[in-house]
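Below is one structure, written out as structure tokens; the observations come after it.
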Amino acid sequence: MAYSKLCMLTAAIALLAFLTIQRDQVASVETFINPSQNLNDLSEELLTRIKNKQQTNQQRTKLYTIPLETLQNSLKTDDQKLAFWINIYNAYIQIKLTEQPSLYKDRDTFFKKDQIPIAGRLVSFDKIEHGIIRKSQWKLGLGLVGKWFPDKFERELRVEESDYRIHFALNCGAQDCPPVAIYKPEKLDKQLEESTKNYLQKTSTFNPTTGEVKITSLFSWFRGDFGLESGIEEILKKYGIIPTTENISLTYKDYDWTLDLNNWSEL
């Protein structure tokens, strides 16, 4: 009889311990998926910690455990969406290529692979860039061809209006990529203006005698995003690269794909 009571007591203690663990685990997850979490702050915190060479496990876990509904409801404006997704893209470029630089040897596979954990799933760099940030553009469509059947995840999270300046904010890990900055929705327009101006002035060369202007290949790869050749010329004029759009000849530079993970800027 005493032995039976001891077994029952032991079982009860084990059950109580199990329930306590389950409660603590649930509470822990709840702290990660708290709907009051400011997702823009979280994306900024992730990038800041990467820049400072600090651990990012907690921030990455929070991003992965956020319900899709919370992601949708928290990022309502295009400024919030762009700042968040630019930060996430740039952060995971740093994370993935710091952990395994050899992945960059096959860049096509690297950008296509579903490997960024967010909202309970894995998404690719291509999904973020061409699906969400560029509003469902076909990667190889030169900015002229949209996707025919974007999936629900993409449709519900993508921006309402595309902005060509994102091409001068996204860092793909290469030497010729724009530097990594930490973008904030309340400062986004000013930051994108500054990053665009800085990048174009750094990468463009104008010959006033011949009218030739040598520019980044980004303009060629996404020409539709920029309004084709006439739009590109207007952009170059706007940012002080050329004084006029008359008698201008555009030449696209080769892109330097050398891996560079120490390219940061303050905006």
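Labels used: A, B, ... for chains in the order of the structure tokens, numbers from 1 for residues in each chain, and numbers from 1 for ligands as shown.
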DSSP on the backbone, strand (DSSP E) only: what residues of stretch 51-158 of chain A does that give? Format it as a PDB file with N, CA and C atoms, in the first residue's frame.
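What ended up in selection_30.pdb:
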ATOM      1  N   ILE A 116      15.394  31.938 -45.105  1.00  0.00           N
ATOM      2  CA  ILE A 116      15.216  32.987 -44.093  1.00  0.00           C
ATOM      3  C   ILE A 116      13.990  32.632 -43.252  1.00  0.00           C
ATOM      4  N   PRO A 117      14.170  32.310 -41.956  1.00  0.00           N
ATOM      5  CA  PRO A 117      13.047  31.892 -41.119  1.00  0.00           C
ATOM      6  C   PRO A 117      12.228  33.080 -40.624  1.00  0.00           C
ATOM      7  N   ILE A 118      10.993  33.135 -41.064  1.00  0.00           N
ATOM      8  CA  ILE A 118      10.128  34.242 -40.639  1.00  0.00           C
ATOM      9  C   ILE A 118       8.670  33.813 -40.712  1.00  0.00           C
ATOM     10  N   ARG A 121       7.871  30.034 -41.409  1.00  0.00           N
ATOM     11  CA  ARG A 121       8.252  29.426 -42.686  1.00  0.00           C
ATOM     12  C   ARG A 121       9.625  29.920 -43.099  1.00  0.00           C
ATOM     13  N   LEU A 122      10.139  29.348 -44.172  1.00  0.00           N
ATOM     14  CA  LEU A 122      11.400  29.791 -44.743  1.00  0.00           C
ATOM     15  C   LEU A 122      11.116  30.490 -46.066  1.00  0.00           C
ATOM     16  N   VAL A 123      11.708  31.659 -46.249  1.00  0.00           N
ATOM     17  CA  VAL A 123      11.522  32.399 -47.497  1.00  0.00           C
ATOM     18  C   VAL A 123      12.893  32.708 -48.099  1.00  0.00           C
TER      19      VAL A 123
END
Q.
Residues of stretch 31-181 of chain A classed as alpha helix (DSSP H) by DSSP on the backbone are to be reported as a VMD selection string.
A. chain A and resid 31 to 32 39 to 51 57 to 65 68 to 74 78 to 99 107 to 112 125 to 126 152 to 157
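The shortest atom-to-atom distance to A:Thr77, with only C-alpha atoms taken into account, belongs to A:Asn40 out of A:Asn40, A:Asn90, A:Thr203, A:Thr216.
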Quick one: residues within 10 Å of A:Asp163, only C-alpha atoms counted, chain neighbours fewer than 4 positions away excluded, as a PDB file with C-alpha atoms, in the first residue's frame?
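result.pdb was written with the following content:
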ATOM      1  CA  ASP A  78       4.613  50.942 -47.498  1.00  0.00           C
ATOM      2  CA  LEU A  82      10.025  48.672 -46.974  1.00  0.00           C
ATOM      3  CA  ILE A 133       9.669  44.820 -52.109  1.00  0.00           C
ATOM      4  CA  ARG A 134       9.307  45.088 -55.907  1.00  0.00           C
ATOM      5  CA  LYS A 135       5.621  44.092 -55.843  1.00  0.00           C
ATOM      6  CA  VAL A 159       4.069  46.916 -51.019  1.00  0.00           C
ATOM      7  CA  HIS A 167      17.897  49.140 -55.467  1.00  0.00           C
ATOM      8  CA  LEU A 192      16.424  56.442 -49.428  1.00  0.00           C
ATOM      9  CA  ASP A 225      11.810  49.978 -62.489  1.00  0.00           C
ATOM     10  CA  PHE A 226      13.640  53.163 -63.494  1.00  0.00           C
TER      11      PHE A 226
END
Q: Would you mind telling me which residue in A:Gln137, A:Asn198, A:Gln94, A:Gln100 lies nearest to A:Asn263 when using only C-alpha atoms?
A: A:Gln94
Against stretch 240-244 of chain A, which residues of stretch 194-224 of chain A fall within 12 Å? For each one I want the closest pair of atoms and the distance in Å (one decimal), counting only C-alpha atoms, rows by chain and increasing residue number, as a tab-separated table.
residue	atom	partner	partner_atom	distance
A:Thr196	CA	A:Gly240	CA	11.3
A:Lys197	CA	A:Gly240	CA	8.3
A:Asn198	CA	A:Gly240	CA	10.7
A:Tyr199	CA	A:Ile241	CA	10.9
A:Leu200	CA	A:Ile241	CA	7.4
A:Gln201	CA	A:Ile241	CA	6.6
A:Lys202	CA	A:Ile241	CA	9.9
A:Thr203	CA	A:Ile241	CA	9.9
A:Ser204	CA	A:Ile241	CA	7.0
A:Thr205	CA	A:Ile241	CA	7.7
A:Phe206	CA	A:Ile242	CA	6.7
A:Asn207	CA	A:Ile242	CA	9.0
A:Pro208	CA	A:Ile242	CA	8.3
A:Thr209	CA	A:Ile242	CA	11.9
A:Gly211	CA	A:Ile242	CA	8.7
A:Glu212	CA	A:Ile242	CA	9.6
A:Val213	CA	A:Ile242	CA	7.8
A:Lys214	CA	A:Ile241	CA	10.1
A:Ile215	CA	A:Ile241	CA	9.7
